[in-house]
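Asker: Below you'll find query-v2.csv; it's CSV, N, CA and C atoms.
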```csv
chain,number,residue,atom,x,y,z
A,201,MET,N,13.6,-4.7,-66.0
A,201,MET,CA,13.4,-5.2,-67.3
A,201,MET,C,14.7,-4.9,-68.1
A,202,ASN,N,15.2,-5.8,-68.8
A,202,ASN,CA,16.4,-5.6,-69.6
A,202,ASN,C,16.1,-4.7,-70.8
A,203,SER,N,17.0,-3.8,-71.2
A,203,SER,CA,16.7,-2.9,-72.3
A,203,SER,C,16.6,-3.6,-73.6
A,204,ARG,N,17.1,-4.8,-73.8
A,204,ARG,CA,17.0,-5.5,-75.1
A,204,ARG,C,15.5,-5.9,-75.3
A,205,ASN,N,14.7,-5.9,-74.3
A,205,ASN,CA,13.3,-6.2,-74.5
A,205,ASN,C,12.4,-5.0,-75.0
A,206,PHE,N,13.0,-3.8,-75.1
A,206,PHE,CA,12.4,-2.6,-75.6
A,206,PHE,C,12.4,-2.5,-77.1
A,207,THR,N,11.4,-1.9,-77.7
A,207,THR,CA,11.5,-1.6,-79.1
A,207,THR,C,12.5,-0.4,-79.3
A,208,GLU,N,12.9,-0.2,-80.5
A,208,GLU,CA,13.8,0.9,-80.7
A,208,GLU,C,13.2,2.3,-80.3
A,209,GLU,N,11.9,2.5,-80.5
A,209,GLU,CA,11.2,3.7,-80.2
A,209,GLU,C,11.2,3.8,-78.6
A,210,GLN,N,11.0,2.8,-77.9
A,210,GLN,CA,11.0,2.8,-76.5
A,210,GLN,C,12.4,3.2,-76.0
A,211,LYS,N,13.4,2.6,-76.6
A,211,LYS,CA,14.8,2.9,-76.2
A,211,LYS,C,15.1,4.4,-76.4
A,212,LEU,N,14.7,4.9,-77.6
A,212,LEU,CA,15.0,6.3,-77.9
A,212,LEU,C,14.3,7.2,-76.8
A,213,PHE,N,13.0,6.9,-76.5
A,213,PHE,CA,12.3,7.6,-75.5
A,213,PHE,C,13.0,7.6,-74.2
A,214,ARG,N,13.4,6.4,-73.8
A,214,ARG,CA,14.0,6.2,-72.5
A,214,ARG,C,15.3,7.0,-72.3
A,215,GLU,N,16.0,7.1,-73.4
A,215,GLU,CA,17.3,7.8,-73.4
A,215,GLU,C,17.1,9.3,-73.4
A,216,ASN,N,16.0,9.8,-74.0
A,216,ASN,CA,15.9,11.2,-74.2
A,216,ASN,C,14.7,11.9,-73.5
A,217,TYR,N,13.8,11.2,-72.8
A,217,TYR,CA,12.6,11.8,-72.4
A,217,TYR,C,12.8,12.9,-71.3
A,218,ARG,N,13.8,12.8,-70.6
A,218,ARG,CA,14.1,13.8,-69.5
A,218,ARG,C,14.4,15.2,-70.2
A,219,ARG,N,14.9,15.2,-71.4
A,219,ARG,CA,15.2,16.4,-72.1
A,219,ARG,C,13.9,17.2,-72.5
A,220,PHE,N,12.9,16.5,-72.8
A,220,PHE,CA,11.7,17.1,-73.4
A,220,PHE,C,10.4,16.9,-72.7
A,221,LEU,N,10.3,15.9,-71.8
A,221,LEU,CA,9.1,15.6,-71.1
A,221,LEU,C,8.6,16.9,-70.3
A,222,ALA,N,7.4,17.3,-70.6
A,222,ALA,CA,6.7,18.4,-70.0
A,222,ALA,C,7.6,19.7,-70.1
A,223,THR,N,8.2,19.8,-71.2
A,223,THR,CA,9.1,21.0,-71.4
A,223,THR,C,8.3,22.2,-71.9
A,224,GLU,N,8.7,23.3,-71.6
A,224,GLU,CA,8.0,24.6,-72.0
A,224,GLU,C,8.5,25.0,-73.4
A,225,VAL,N,7.6,25.4,-74.2
A,225,VAL,CA,8.1,25.9,-75.5
A,225,VAL,C,7.5,27.3,-75.6
A,226,ALA,N,8.1,28.2,-74.9
A,226,ALA,CA,7.7,29.6,-74.8
A,226,ALA,C,8.3,30.4,-76.1
A,227,PRO,N,7.7,31.5,-76.4
A,227,PRO,CA,8.1,32.2,-77.6
A,227,PRO,C,9.6,32.5,-77.7
A,228,HIS,N,10.3,32.8,-76.6
A,228,HIS,CA,11.7,33.1,-76.7
A,228,HIS,C,12.6,31.8,-76.8
A,229,MET,N,12.0,30.6,-76.7
A,229,MET,CA,12.8,29.4,-76.8
A,229,MET,C,12.3,28.4,-77.8
A,230,GLU,N,11.3,28.9,-78.6
A,230,GLU,CA,10.7,27.9,-79.5
A,230,GLU,C,11.6,27.3,-80.6
A,231,THR,N,12.5,28.2,-81.1
A,231,THR,CA,13.3,27.7,-82.2
A,231,THR,C,14.3,26.6,-81.8
A,232,TRP,N,15.0,26.8,-80.7
A,232,TRP,CA,16.0,25.8,-80.3
A,232,TRP,C,15.3,24.6,-79.7
A,233,ARG,N,14.2,24.7,-79.1
A,233,ARG,CA,13.4,23.6,-78.6
A,233,ARG,C,13.0,22.7,-79.8
A,234,ALA,N,12.5,23.4,-80.8
A,234,ALA,CA,12.0,22.7,-82.0
A,234,ALA,C,13.1,21.9,-82.7
A,235,ALA,N,14.3,22.4,-82.7
A,235,ALA,CA,15.4,21.7,-83.4
A,235,ALA,C,15.6,20.4,-82.6
A,236,GLY,N,15.6,20.4,-81.3
A,236,GLY,CA,15.9,19.2,-80.5
A,236,GLY,C,14.8,18.2,-80.7
A,237,ILE,N,13.5,18.7,-80.8
A,237,ILE,CA,12.4,17.8,-80.9
A,237,ILE,C,12.4,17.2,-82.3
A,238,VAL,N,12.7,18.0,-83.3
A,238,VAL,CA,12.8,17.5,-84.7
A,238,VAL,C,13.8,16.3,-84.7
A,239,GLU,N,14.9,16.5,-84.1
A,239,GLU,CA,16.0,15.5,-84.0
A,239,GLU,C,15.5,14.2,-83.4
A,240,LEU,N,14.7,14.3,-82.4
A,240,LEU,CA,14.1,13.1,-81.8
A,240,LEU,C,13.1,12.4,-82.7
A,241,VAL,N,12.3,13.2,-83.4
A,241,VAL,CA,11.3,12.6,-84.3
A,241,VAL,C,12.0,12.0,-85.5
A,242,ALA,N,13.0,12.7,-86.0
A,242,ALA,CA,13.7,12.1,-87.2
A,242,ALA,C,14.4,10.8,-86.8
A,243,GLY,N,14.7,10.7,-85.5
A,243,GLY,CA,15.3,9.4,-85.0
A,243,GLY,C,14.3,8.3,-84.7
A,244,GLY,N,13.0,8.6,-84.9
A,244,GLY,CA,12.0,7.6,-84.7
A,244,GLY,C,11.1,7.8,-83.5
A,245,ALA,N,11.3,8.8,-82.7
A,245,ALA,CA,10.4,9.1,-81.5
A,245,ALA,C,9.1,9.6,-82.0
A,246,ARG,N,8.1,9.4,-81.2
A,246,ARG,CA,6.8,9.9,-81.4
A,246,ARG,C,6.6,11.0,-80.4
A,247,VAL,N,6.2,12.2,-80.8
A,247,VAL,CA,6.1,13.3,-80.0
A,247,VAL,C,4.7,13.9,-80.1
A,248,ALA,N,4.1,14.3,-78.9
A,248,ALA,CA,2.8,15.0,-78.9
A,248,ALA,C,3.0,16.4,-78.4
A,249,PHE,N,2.5,17.4,-79.1
A,249,PHE,CA,2.6,18.8,-78.6
A,249,PHE,C,1.2,19.2,-78.1
A,250,VAL,N,1.2,19.6,-76.8
A,250,VAL,CA,-0.1,19.9,-76.2
A,250,VAL,C,0.0,21.4,-75.8
A,251,SER,N,-1.0,22.2,-76.0
A,251,SER,CA,-0.9,23.6,-75.7
A,251,SER,C,-2.0,24.0,-74.7
A,252,ASP,N,-1.7,24.9,-73.8
A,252,ASP,CA,-2.7,25.4,-72.9
A,252,ASP,C,-3.5,26.5,-73.5
A,253,ALA,N,-3.3,26.8,-74.7
A,253,ALA,CA,-3.9,27.9,-75.4
A,253,ALA,C,-5.1,27.5,-76.3
A,254,GLY,N,-5.4,26.2,-76.3
A,254,GLY,CA,-6.5,25.7,-77.2
A,254,GLY,C,-5.8,24.9,-78.3
A,255,MET,N,-6.1,25.2,-79.5
A,255,MET,CA,-5.5,24.5,-80.6
A,255,MET,C,-4.0,24.8,-80.8
A,256,PRO,N,-3.2,23.8,-80.6
A,256,PRO,CA,-1.7,24.0,-80.8
A,256,PRO,C,-1.4,24.7,-82.1
A,257,ALA,N,-0.4,25.6,-82.1
A,257,ALA,CA,0.1,26.2,-83.2
A,257,ALA,C,-0.7,27.3,-83.8
A,258,ILE,N,-1.8,27.7,-83.2
A,258,ILE,CA,-2.6,28.9,-83.6
A,258,ILE,C,-2.3,29.9,-82.6
A,259,SER,N,-1.5,30.9,-83.1
A,259,SER,CA,-1.1,32.0,-82.2
A,259,SER,C,-0.4,31.4,-81.0
A,260,ASP,N,0.5,30.5,-81.2
A,260,ASP,CA,1.1,29.7,-80.1
A,260,ASP,C,2.5,29.3,-80.5
A,261,PRO,N,3.4,29.2,-79.6
A,261,PRO,CA,4.8,28.9,-80.0
A,261,PRO,C,4.9,27.5,-80.7
A,262,GLY,N,3.9,26.7,-80.6
A,262,GLY,CA,4.0,25.4,-81.4
A,262,GLY,C,4.1,25.6,-82.9
A,263,ALA,N,3.8,26.7,-83.4
A,263,ALA,CA,3.9,26.9,-84.8
A,263,ALA,C,5.3,26.7,-85.3
A,264,ALA,N,6.3,27.1,-84.6
A,264,ALA,CA,7.7,26.9,-85.0
A,264,ALA,C,8.0,25.4,-85.0
A,265,LEU,N,7.5,24.6,-84.1
A,265,LEU,CA,7.7,23.2,-84.1
A,265,LEU,C,7.1,22.5,-85.3
A,266,VAL,N,5.8,22.9,-85.6
A,266,VAL,CA,5.2,22.4,-86.8
A,266,VAL,C,6.0,22.7,-88.0
A,267,ARG,N,6.4,24.0,-88.2
A,267,ARG,CA,7.1,24.4,-89.4
A,267,ARG,C,8.4,23.6,-89.5
A,268,ALA,N,9.1,23.5,-88.3
A,268,ALA,CA,10.4,22.8,-88.3
A,268,ALA,C,10.3,21.3,-88.8
A,269,CYS,N,9.2,20.7,-88.3
A,269,CYS,CA,8.9,19.3,-88.7
A,269,CYS,C,8.6,19.2,-90.2
A,270,LEU,N,7.8,20.1,-90.7
A,270,LEU,CA,7.4,20.0,-92.1
A,270,LEU,C,8.7,20.3,-92.9
A,271,ASP,N,9.5,21.3,-92.5
A,271,ASP,CA,10.7,21.6,-93.3
A,271,ASP,C,11.7,20.4,-93.3
A,272,ALA,N,11.6,19.6,-92.3
A,272,ALA,CA,12.5,18.4,-92.2
A,272,ALA,C,11.9,17.2,-92.9
A,273,GLY,N,10.7,17.4,-93.5
A,273,GLY,CA,10.1,16.3,-94.2
A,273,GLY,C,9.4,15.3,-93.3
A,274,LEU,N,9.1,15.7,-92.1
A,274,LEU,CA,8.5,14.8,-91.1
A,274,LEU,C,7.0,14.9,-91.2
A,275,ALA,N,6.3,13.9,-90.9
A,275,ALA,CA,4.8,13.9,-90.8
A,275,ALA,C,4.3,14.6,-89.6
A,276,VAL,N,3.3,15.4,-89.8
A,276,VAL,CA,2.6,16.1,-88.6
A,276,VAL,C,1.2,15.7,-88.7
A,277,GLU,N,0.7,15.3,-87.6
A,277,GLU,CA,-0.8,14.9,-87.5
A,277,GLU,C,-1.4,15.9,-86.5
A,278,VAL,N,-2.7,16.2,-86.7
A,278,VAL,CA,-3.4,17.1,-85.9
A,278,VAL,C,-4.5,16.4,-85.3
A,279,VAL,N,-4.7,16.5,-84.0
A,279,VAL,CA,-5.8,15.9,-83.3
A,279,VAL,C,-6.6,17.1,-82.8
A,280,PRO,N,-7.7,17.4,-83.5
A,280,PRO,CA,-8.5,18.6,-83.1
A,280,PRO,C,-9.2,18.4,-81.8
A,281,GLY,N,-9.3,19.5,-81.2
A,281,GLY,CA,-10.0,19.5,-79.9
A,281,GLY,C,-10.6,20.9,-79.7
A,282,PRO,N,-10.9,21.2,-78.5
A,282,PRO,CA,-11.4,22.5,-78.2
A,282,PRO,C,-10.4,23.6,-78.5
A,283,ASP,N,-10.7,24.6,-79.1
A,283,ASP,CA,-9.8,25.7,-79.3
A,283,ASP,C,-10.4,27.0,-79.1
A,284,ALA,N,-9.6,28.0,-78.6
A,284,ALA,CA,-10.1,29.3,-78.2
A,284,ALA,C,-10.8,30.1,-79.3
A,285,VAL,N,-10.2,30.0,-80.5
A,285,VAL,CA,-10.7,30.8,-81.7
A,285,VAL,C,-12.1,30.4,-82.0
A,286,THR,N,-12.3,29.2,-82.3
A,286,THR,CA,-13.7,28.8,-82.8
A,286,THR,C,-14.7,28.9,-81.6
A,287,THR,N,-14.2,28.6,-80.4
A,287,THR,CA,-15.1,28.7,-79.2
A,287,THR,C,-15.6,30.2,-79.1
A,288,ALA,N,-14.6,31.1,-79.1
A,288,ALA,CA,-15.0,32.5,-79.0
A,288,ALA,C,-15.9,32.9,-80.2
A,289,LEU,N,-15.6,32.5,-81.4
A,289,LEU,CA,-16.4,32.8,-82.5
A,289,LEU,C,-17.9,32.3,-82.4
A,290,VAL,N,-18.0,31.1,-82.0
A,290,VAL,CA,-19.4,30.5,-81.8
A,290,VAL,C,-20.1,31.2,-80.7
A,291,LEU,N,-19.5,31.4,-79.6
A,291,LEU,CA,-20.2,32.0,-78.4
A,291,LEU,C,-20.5,33.5,-78.6
A,292,SER,N,-19.8,34.1,-79.6
A,292,SER,CA,-20.1,35.6,-79.8
A,292,SER,C,-21.5,35.9,-80.3
A,293,GLY,N,-22.0,34.9,-81.1
A,293,GLY,CA,-23.3,35.1,-81.7
A,293,GLY,C,-23.2,35.9,-83.0
A,294,LEU,N,-21.9,36.3,-83.4
A,294,LEU,CA,-21.7,37.1,-84.6
A,294,LEU,C,-21.7,36.1,-85.8
A,295,PRO,N,-21.7,36.6,-87.0
A,295,PRO,CA,-21.7,35.8,-88.2
A,295,PRO,C,-20.4,34.9,-88.2
A,296,THR,N,-20.6,33.7,-88.5
A,296,THR,CA,-19.4,32.7,-88.5
A,296,THR,C,-19.0,32.3,-89.9
A,297,ASP,N,-19.8,32.7,-91.0
A,297,ASP,CA,-19.5,32.3,-92.3
A,297,ASP,C,-18.2,32.8,-92.9
A,298,ARG,N,-17.8,34.0,-92.4
A,298,ARG,CA,-16.5,34.6,-92.8
A,298,ARG,C,-15.9,35.3,-91.5
A,299,PHE,N,-14.7,35.0,-91.2
A,299,PHE,CA,-14.1,35.7,-90.1
A,299,PHE,C,-12.6,35.8,-90.2
A,300,THR,N,-12.0,36.7,-89.5
A,300,THR,CA,-10.6,37.0,-89.5
A,300,THR,C,-10.0,36.7,-88.1
A,301,PHE,N,-8.9,36.1,-88.0
A,301,PHE,CA,-8.2,35.9,-86.7
A,301,PHE,C,-6.9,36.6,-86.7
A,302,LEU,N,-6.8,37.5,-85.8
A,302,LEU,CA,-5.6,38.4,-85.7
A,302,LEU,C,-4.6,38.0,-84.6
A,303,GLY,N,-4.9,37.1,-83.8
A,303,GLY,CA,-4.0,36.7,-82.7
A,303,GLY,C,-4.0,37.8,-81.6
A,304,PHE,N,-2.8,38.1,-81.2
A,304,PHE,CA,-2.6,39.1,-80.1
A,304,PHE,C,-2.3,40.4,-80.7
A,305,LEU,N,-3.0,41.4,-80.2
A,305,LEU,CA,-2.8,42.8,-80.7
A,305,LEU,C,-1.6,43.4,-79.9
A,306,ALA,N,-1.1,44.5,-80.3
A,306,ALA,CA,-0.1,45.3,-79.6
A,306,ALA,C,-0.7,45.6,-78.2
A,307,ARG,N,0.1,45.6,-77.2
A,307,ARG,CA,-0.3,45.8,-75.8
A,307,ARG,C,-0.8,47.2,-75.5
A,308,LYS,N,-0.2,48.2,-76.1
A,308,LYS,CA,-0.6,49.6,-75.8
A,308,LYS,C,-0.2,50.5,-76.9
A,309,GLY,N,-0.6,51.8,-76.8
A,309,GLY,CA,-0.1,52.8,-77.6
A,309,GLY,C,-0.8,53.0,-79.0
A,310,ARG,N,-0.1,53.7,-79.8
A,310,ARG,CA,-0.6,54.1,-81.1
A,310,ARG,C,-0.9,52.8,-82.0
A,311,GLU,N,0.1,51.9,-81.9
A,311,GLU,CA,-0.1,50.7,-82.7
A,311,GLU,C,-1.4,49.9,-82.3
A,312,ARG,N,-1.7,49.8,-81.1
A,312,ARG,CA,-2.9,49.1,-80.6
A,312,ARG,C,-4.1,49.8,-81.1
A,313,ARG,N,-4.1,51.2,-80.9
A,313,ARG,CA,-5.3,52.0,-81.4
A,313,ARG,C,-5.5,51.8,-82.9
A,314,ALA,N,-4.5,51.7,-83.7
A,314,ALA,CA,-4.6,51.5,-85.1
A,314,ALA,C,-5.1,50.2,-85.4
A,315,GLU,N,-4.7,49.1,-84.7
A,315,GLU,CA,-5.2,47.8,-84.9
A,315,GLU,C,-6.7,47.7,-84.6
A,316,LEU,N,-7.0,48.3,-83.5
A,316,LEU,CA,-8.5,48.3,-83.1
A,316,LEU,C,-9.3,49.1,-84.0
A,317,ALA,N,-8.8,50.1,-84.6
A,317,ALA,CA,-9.6,50.9,-85.6
A,317,ALA,C,-9.8,50.0,-86.9
A,318,ALA,N,-8.8,49.3,-87.2
A,318,ALA,CA,-8.9,48.4,-88.4
A,318,ALA,C,-9.9,47.3,-88.1
A,319,VAL,N,-9.9,46.8,-86.9
A,319,VAL,CA,-10.9,45.7,-86.6
A,319,VAL,C,-12.3,46.3,-86.6
A,320,ALA,N,-12.5,47.5,-86.1
A,320,ALA,CA,-13.8,48.2,-86.1
A,320,ALA,C,-14.3,48.4,-87.5
A,321,ALA,N,-13.4,48.7,-88.4
A,321,ALA,CA,-13.8,49.0,-89.8
A,321,ALA,C,-14.0,47.8,-90.7
A,322,SER,N,-13.6,46.6,-90.2
A,322,SER,CA,-13.7,45.4,-91.0
A,322,SER,C,-15.2,44.9,-91.1
A,323,PRO,N,-15.5,44.5,-92.3
A,323,PRO,CA,-16.9,44.0,-92.5
A,323,PRO,C,-17.1,42.5,-92.0
A,324,VAL,N,-16.1,41.8,-91.6
A,324,VAL,CA,-16.2,40.5,-91.2
A,324,VAL,C,-16.0,40.4,-89.7
A,325,THR,N,-16.5,39.3,-89.1
A,325,THR,CA,-16.2,39.0,-87.7
A,325,THR,C,-14.7,38.9,-87.5
A,326,THR,N,-14.2,39.5,-86.4
A,326,THR,CA,-12.8,39.4,-86.1
A,326,THR,C,-12.6,38.9,-84.7
A,327,VAL,N,-11.7,37.9,-84.6
A,327,VAL,CA,-11.3,37.3,-83.3
A,327,VAL,C,-9.9,37.8,-83.0
A,328,VAL,N,-9.7,38.3,-81.8
A,328,VAL,CA,-8.4,38.7,-81.3
A,328,VAL,C,-8.2,38.2,-79.9
A,329,PHE,N,-7.0,38.1,-79.5
A,329,PHE,CA,-6.7,37.7,-78.1
A,329,PHE,C,-6.2,38.9,-77.3
```
Re-express the file's structure as structure tokens.

Answerer:
Amino acid sequence: MNSRNFTEEQKLFRENYRRFLATEVAPHMETWRAAGIVELVAGGARVAFVSDAGMPAISDPGAALVRACLDAGLAVEVVPGPDAVTTALVLSGLPTDRFTFLGFLARKGRERRAELAAVAASPVTTVVF
């Protein structure tokens, strides 16, 4: 098929998809990956961010991508689906009318003990990973 039959969006995707298709956006690389993806979206590409952690951008490297898109004035749409936070909350049987989500706690030591003590003292249901 001749490239002149493609829409501009298809051409942009065709030229750039190898750079980002199934790319990892891990915490140590989220900022520079986000910049490249924002560039593609600003150029007219449509991008979907999918996370293996449940809802993208909740305690997830995708938060940097969402922030970068919003800072660039680009539209961000959310397609809700199953997410770990609300699933854990519902399955816990604990009150769901008010809750706190803390994400990942410190892995060990004094800081972790302090965080767990704060959770234990909290009057609301708390979700941590």

Asker: Pick out the residues sitting within 9 Å of Val276 of chain A, and hand them over as a PyMOL selection string; count only C-alpha atoms, and ignore anything fewer than 4 positions along from it in its own chain.

Answerer: chain A and resi 266+269-270

Asker: Can I get the selected residues back with N, CA and C atoms, as a PDB file, in the coordinates of the input?

Answerer:
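Saved the output as selection_20.pdb:
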```
ATOM      1  N   VAL A 266       5.800  22.900 -85.600  1.00  0.00           N
ATOM      2  CA  VAL A 266       5.200  22.400 -86.800  1.00  0.00           C
ATOM      3  C   VAL A 266       6.000  22.700 -88.000  1.00  0.00           C
ATOM      4  N   CYS A 269       9.200  20.700 -88.300  1.00  0.00           N
ATOM      5  CA  CYS A 269       8.900  19.300 -88.700  1.00  0.00           C
ATOM      6  C   CYS A 269       8.600  19.200 -90.200  1.00  0.00           C
ATOM      7  N   LEU A 270       7.800  20.100 -90.700  1.00  0.00           N
ATOM      8  CA  LEU A 270       7.400  20.000 -92.100  1.00  0.00           C
ATOM      9  C   LEU A 270       8.700  20.300 -92.900  1.00  0.00           C
TER      10      LEU A 270
END
```

Asker: Report, in Å with one decimal, the straight-line distance from atom CA of Ala268 of chain A to atom CA of Gly303 of chain A.

Answerer: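 If I compute the distance from atom CA of Ala268 of chain A to atom CA of Gly303 of chain A, I get 20.8 Å.
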
Asker: Using Å and a single decimal, report how far atom N of Thr326 of chain A sits from atom N of Leu302 of chain A.

Answerer: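 Separation of atom N of Leu302 of chain A and atom N of Thr326 of chain A: 7.7 Å.
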
Asker: Between atom CA of Gly243 of chain A and atom CA of Val279 of chain A, what distance in Å does the model show, to one decimal?

Answerer: 22.1 Å

Asker: Nearest to Val319 of chain A: which of A:Ala263, A:Ala234, A:Leu305, A:Leu240 is it, counting only C-alpha atoms?

Answerer: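 Nearest to Val319 of chain A: A:Leu305.
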
Asker: Using all atoms listed in the file, which residue out of A:Thr286, A:Asp271, A:Pro323, A:Ala242 lies closest to Arg298 of chain A?

Answerer: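 Among the listed residues, the smallest separation from Arg298 of chain A belongs to A:Pro323.
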
Asker: So, counting only N, CA and C atoms, which residue among A:Val241, A:Ala275, A:Val285, A:Ala320 is closest to Phe301 of chain A?

Answerer: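 Result for the nearest residue to Phe301 of chain A: A:Val285.
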
Asker: Please identify the helix (DSSP H, G or I) residues within segment 242-329 of chain A (assignment by DSSP from backbone atoms) and present them as a PyMOL selection string.

Answerer: chain A and resi 242+262-271+284-292+309-321

Asker: Between A:Arg310, A:Ser292, A:Ala248, A:Val238, which one has atoms that come closest to Val278 of chain A, using only C-alpha atoms?

Answerer: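 Looking at the shortest contact to Val278 of chain A, the residue is A:Ala248.
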
Asker: Using only C-alpha atoms for the distances, tell me which of A:Arg246, A:Gly273, A:Ser322, A:Val327 is nearest to Leu291 of chain A.

Answerer: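 Comparing A:Arg246, A:Gly273, A:Ser322, A:Val327 against Leu291 of chain A, the winner is A:Val327.
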